[in-house]
Amino acid sequence: MQRAFAILGALLLASGAAVAHHGWGSYDAAKPITVAGPILTSKYENPHATLTVRGSDKVWTVTLAPTFRMENRGAKPEVVAVGKTVSAYGYASTVEKDEMRAERITVDGKTYEMR
Amino acid sequence: MNEAAPAIFVALEGSALGAAIRQSSWAYMAANVGHIVSLFVFAGAIAVMDLRMAGAFAATSPGKVLHNARRVVILALIGLVLTGATLFTAEASHVILNPVFQFKLGLIALGLLNVALFEFFTAPKVRALPPLAPMPAGARAAGILSLVTWVAVAACGRSIAYF
């Protein structure tokens with residue numbers, strides 16, 4: 001009986017871990033896109049920094065990475081400041097309209113990995 | 001900011017504290033790490049306590065196990081609440097509308113209700129029991145319900161980000 005409950009507990013834990021996959025599930029990874037243009041707004045905030053970028057087709061919300069990771073990789077606030085021109089390679093959201101998550105961004109010829 | 005959320009949560013997220021947590025380079029990360037570490041300690045101590053109530057480790061004194069594990073559980077719970085409140089404040093208007101978070105709150109309420117009922121009705125009967133004495137049915141039920149509830153709370157917590 002006790003063993004049965006221990007196994008039940010372990011199974012529940014394992015299923016929790018399986019559900020908690022990664023944060024990229026609601027993005028269409030089958031169709032990578034590139035959004036390039038001037039940065040209109042920049043929020044250097046947690047849990048993820050976000051930009052709005054005037055792309056060739058429309059204004060996109062571009063979701064980046066946690067700010068600590070961005071700092072570590074050199075993508076400091078001034079790199080993604082308003083007025084800079086960014087090229088963001090990533091995937092469009094399947095949930096949020098006009099939102100994409102960047103795998104990497106390029107600013108002033110330098111590429112920063114976001115994942 | 002999700003304006004569809006009740007005003008108090010919009011205000012909480014928009015507060016200076018909310019902004020400070022989001023804009024700090026370490027606060028959100030520290031709360032995230034602190035939350036998982038607190039959960040780890042909480043789960044370990046809860047598991048010892050609940051398994052004892054369910055009848056495991058029968059050679060130990062149930063009263064002593066309860067007494068010692070409870071201190072750790074309470075400390076870890078304080079850590080969970082503080083770090084959880086930090087994470088919540090940063091994104092209050094979004095998180096409060098998240099269905100998994102709402103379910104998690106319900107499970108936490110169930111877990112705390114189980115604690116209250118156990119402390120009030122069952123713990124007095126269990127404390128004085130000698131080692132190897134059979135556990136009352138109420139203690140077994142409370143222990144198992146507690147384990148299942150808190151494991152489900154943890155699973156919900158990690159799932160919030162994906163719904």
# chains A, B, ... in the order shown; residues from 1 in each chain; ligands from 1
$ closest_atom_pairs --of "region 64-159 of chain B" --to "region 15-30 of chain B" --cutoff "8 Å" --atoms "only C-alpha atoms" --output "Markdown table"
| residue | atom | partner | partner_atom | distance |
| --- | --- | --- | --- | --- |
| B:Thr86 | CA | B:Ile21 | CA | 7.3 |
| B:Leu87 | CA | B:Tyr28 | CA | 6.5 |
| B:Thr89 | CA | B:Gly18 | CA | 5.4 |
| B:Ala90 | CA | B:Gly18 | CA | 4.7 |
| B:Glu91 | CA | B:Gly18 | CA | 7.6 |
$ select_by_dssp --residues "chain A" --states "helix (DSSP H, G or I)" --output "PyMOL selection string"
chain A and resi 2-19+67-72+77-80
$ residues_around --residues "Arg73 (chain A)" --least-positions-apart "3" --cutoff "9 Å" --atoms "only C-alpha atoms" --output "list in words"
Phe68, Arg69, Met70, Lys76, Tyr112, Glu113 and Met114 of chain A
$ residues_around --residues "Val95 (chain B)" --least-positions-apart "6" --cutoff "12 Å" --atoms "only C-alpha atoms" --output "ChimeraX atom specification"
/B:1-2,4-6,9-10,12-13,84-85,87-89,101-105,157,159-163
$ residues_around --residues "Val41 (chain B)" --least-positions-apart "6" --cutoff "12 Å" --atoms "only C-alpha atoms" --output "MDAnalysis selection string"
chainID B and resid 34:35 47:48 69:80
$ atom_distance --atom1 "CA of Gly106 (chain B)" --atom2 "CA of Gly138 (chain B)"
22.0 Å
$ atom_distance --atom1 "CA of Gly90 (chain A)" --atom2 "CA of Pro32 (chain A)"
5.4 Å
$ decode --residues "region 87-106 of chain A" --atoms "N, CA, C and O atoms" --output "JSON list (two decimals), in the first residue's frame"
[["chain", "number", "residue", "atom", "x", "y", "z"],
["A", 87, "SER", "N", 17.20, 43.27, -36.45],
["A", 87, "SER", "CA", 16.69, 42.18, -37.26],
["A", 87, "SER", "C", 16.51, 40.99, -36.33],
["A", 87, "SER", "O", 17.48, 40.52, -35.73],
["A", 88, "ALA", "N", 15.25, 40.54, -36.19],
["A", 88, "ALA", "CA", 14.95, 39.46, -35.24],
["A", 88, "ALA", "C", 14.51, 38.23, -36.01],
["A", 88, "ALA", "O", 13.53, 38.26, -36.75],
["A", 89, "TYR", "N", 15.27, 37.14, -35.82],
["A", 89, "TYR", "CA", 14.93, 35.87, -36.44],
["A", 89, "TYR", "C", 14.23, 35.02, -35.39],
["A", 89, "TYR", "O", 14.75, 34.85, -34.28],
["A", 90, "GLY", "N", 13.04, 34.53, -35.71],
["A", 90, "GLY", "CA", 12.31, 33.73, -34.72],
["A", 90, "GLY", "C", 11.01, 33.21, -35.27],
["A", 90, "GLY", "O", 10.89, 32.96, -36.48],
["A", 91, "TYR", "N", 10.03, 33.08, -34.38],
["A", 91, "TYR", "CA", 8.80, 32.40, -34.75],
["A", 91, "TYR", "C", 7.60, 33.20, -34.29],
["A", 91, "TYR", "O", 7.58, 33.74, -33.18],
["A", 92, "ALA", "N", 6.57, 33.24, -35.15],
["A", 92, "ALA", "CA", 5.35, 33.96, -34.81],
["A", 92, "ALA", "C", 4.56, 33.18, -33.77],
["A", 92, "ALA", "O", 4.55, 31.95, -33.76],
["A", 93, "SER", "N", 3.90, 33.90, -32.89],
["A", 93, "SER", "CA", 3.07, 33.27, -31.87],
["A", 93, "SER", "C", 1.83, 32.67, -32.52],
["A", 93, "SER", "O", 1.28, 33.22, -33.47],
["A", 94, "THR", "N", 1.43, 31.52, -32.00],
["A", 94, "THR", "CA", 0.17, 30.93, -32.48],
["A", 94, "THR", "C", -0.98, 31.39, -31.59],
["A", 94, "THR", "O", -2.13, 31.01, -31.81],
["A", 95, "VAL", "N", -0.69, 32.20, -30.59],
["A", 95, "VAL", "CA", -1.72, 32.63, -29.62],
["A", 95, "VAL", "C", -1.92, 34.15, -29.69],
["A", 95, "VAL", "O", -3.02, 34.64, -29.88],
["A", 96, "GLU", "N", -0.81, 34.89, -29.52],
["A", 96, "GLU", "CA", -0.88, 36.35, -29.49],
["A", 96, "GLU", "C", -0.74, 36.90, -30.90],
["A", 96, "GLU", "O", 0.17, 36.54, -31.63],
["A", 97, "LYS", "N", -1.64, 37.82, -31.23],
["A", 97, "LYS", "CA", -1.59, 38.42, -32.56],
["A", 97, "LYS", "C", -0.36, 39.34, -32.67],
["A", 97, "LYS", "O", -0.04, 40.08, -31.74],
["A", 98, "ASP", "N", 0.33, 39.26, -33.79],
["A", 98, "ASP", "CA", 1.45, 40.16, -34.10],
["A", 98, "ASP", "C", 2.60, 40.06, -33.09],
["A", 98, "ASP", "O", 3.34, 41.02, -32.88],
["A", 99, "GLU", "N", 2.72, 38.90, -32.42],
["A", 99, "GLU", "CA", 3.84, 38.71, -31.50],
["A", 99, "GLU", "C", 4.74, 37.62, -32.05],
["A", 99, "GLU", "O", 4.27, 36.64, -32.63],
["A", 100, "MET", "N", 6.06, 37.82, -31.91],
["A", 100, "MET", "CA", 7.00, 36.77, -32.29],
["A", 100, "MET", "C", 8.05, 36.65, -31.20],
["A", 100, "MET", "O", 8.30, 37.57, -30.44],
["A", 101, "ARG", "N", 8.65, 35.46, -31.13],
["A", 101, "ARG", "CA", 9.71, 35.23, -30.15],
["A", 101, "ARG", "C", 11.02, 35.06, -30.90],
["A", 101, "ARG", "O", 11.10, 34.23, -31.82],
["A", 102, "ALA", "N", 12.01, 35.82, -30.50],
["A", 102, "ALA", "CA", 13.26, 35.83, -31.26],
["A", 102, "ALA", "C", 14.20, 34.74, -30.78],
["A", 102, "ALA", "O", 14.46, 34.59, -29.59],
["A", 103, "GLU", "N", 14.70, 33.99, -31.73],
["A", 103, "GLU", "CA", 15.76, 33.01, -31.47],
["A", 103, "GLU", "C", 17.09, 33.77, -31.35],
["A", 103, "GLU", "O", 17.91, 33.47, -30.50],
["A", 104, "ARG", "N", 17.27, 34.75, -32.24],
["A", 104, "ARG", "CA", 18.46, 35.60, -32.17],
["A", 104, "ARG", "C", 18.13, 36.95, -32.79],
["A", 104, "ARG", "O", 17.20, 37.06, -33.60],
["A", 105, "ILE", "N", 18.87, 37.96, -32.37],
["A", 105, "ILE", "CA", 18.68, 39.29, -32.95],
["A", 105, "ILE", "C", 20.02, 39.80, -33.46],
["A", 105, "ILE", "O", 21.08, 39.43, -32.94],
["A", 106, "THR", "N", 19.95, 40.65, -34.47],
["A", 106, "THR", "CA", 21.16, 41.29, -34.97],
["A", 106, "THR", "C", 20.97, 42.80, -34.92],
["A", 106, "THR", "O", 19.94, 43.31, -35.39]]
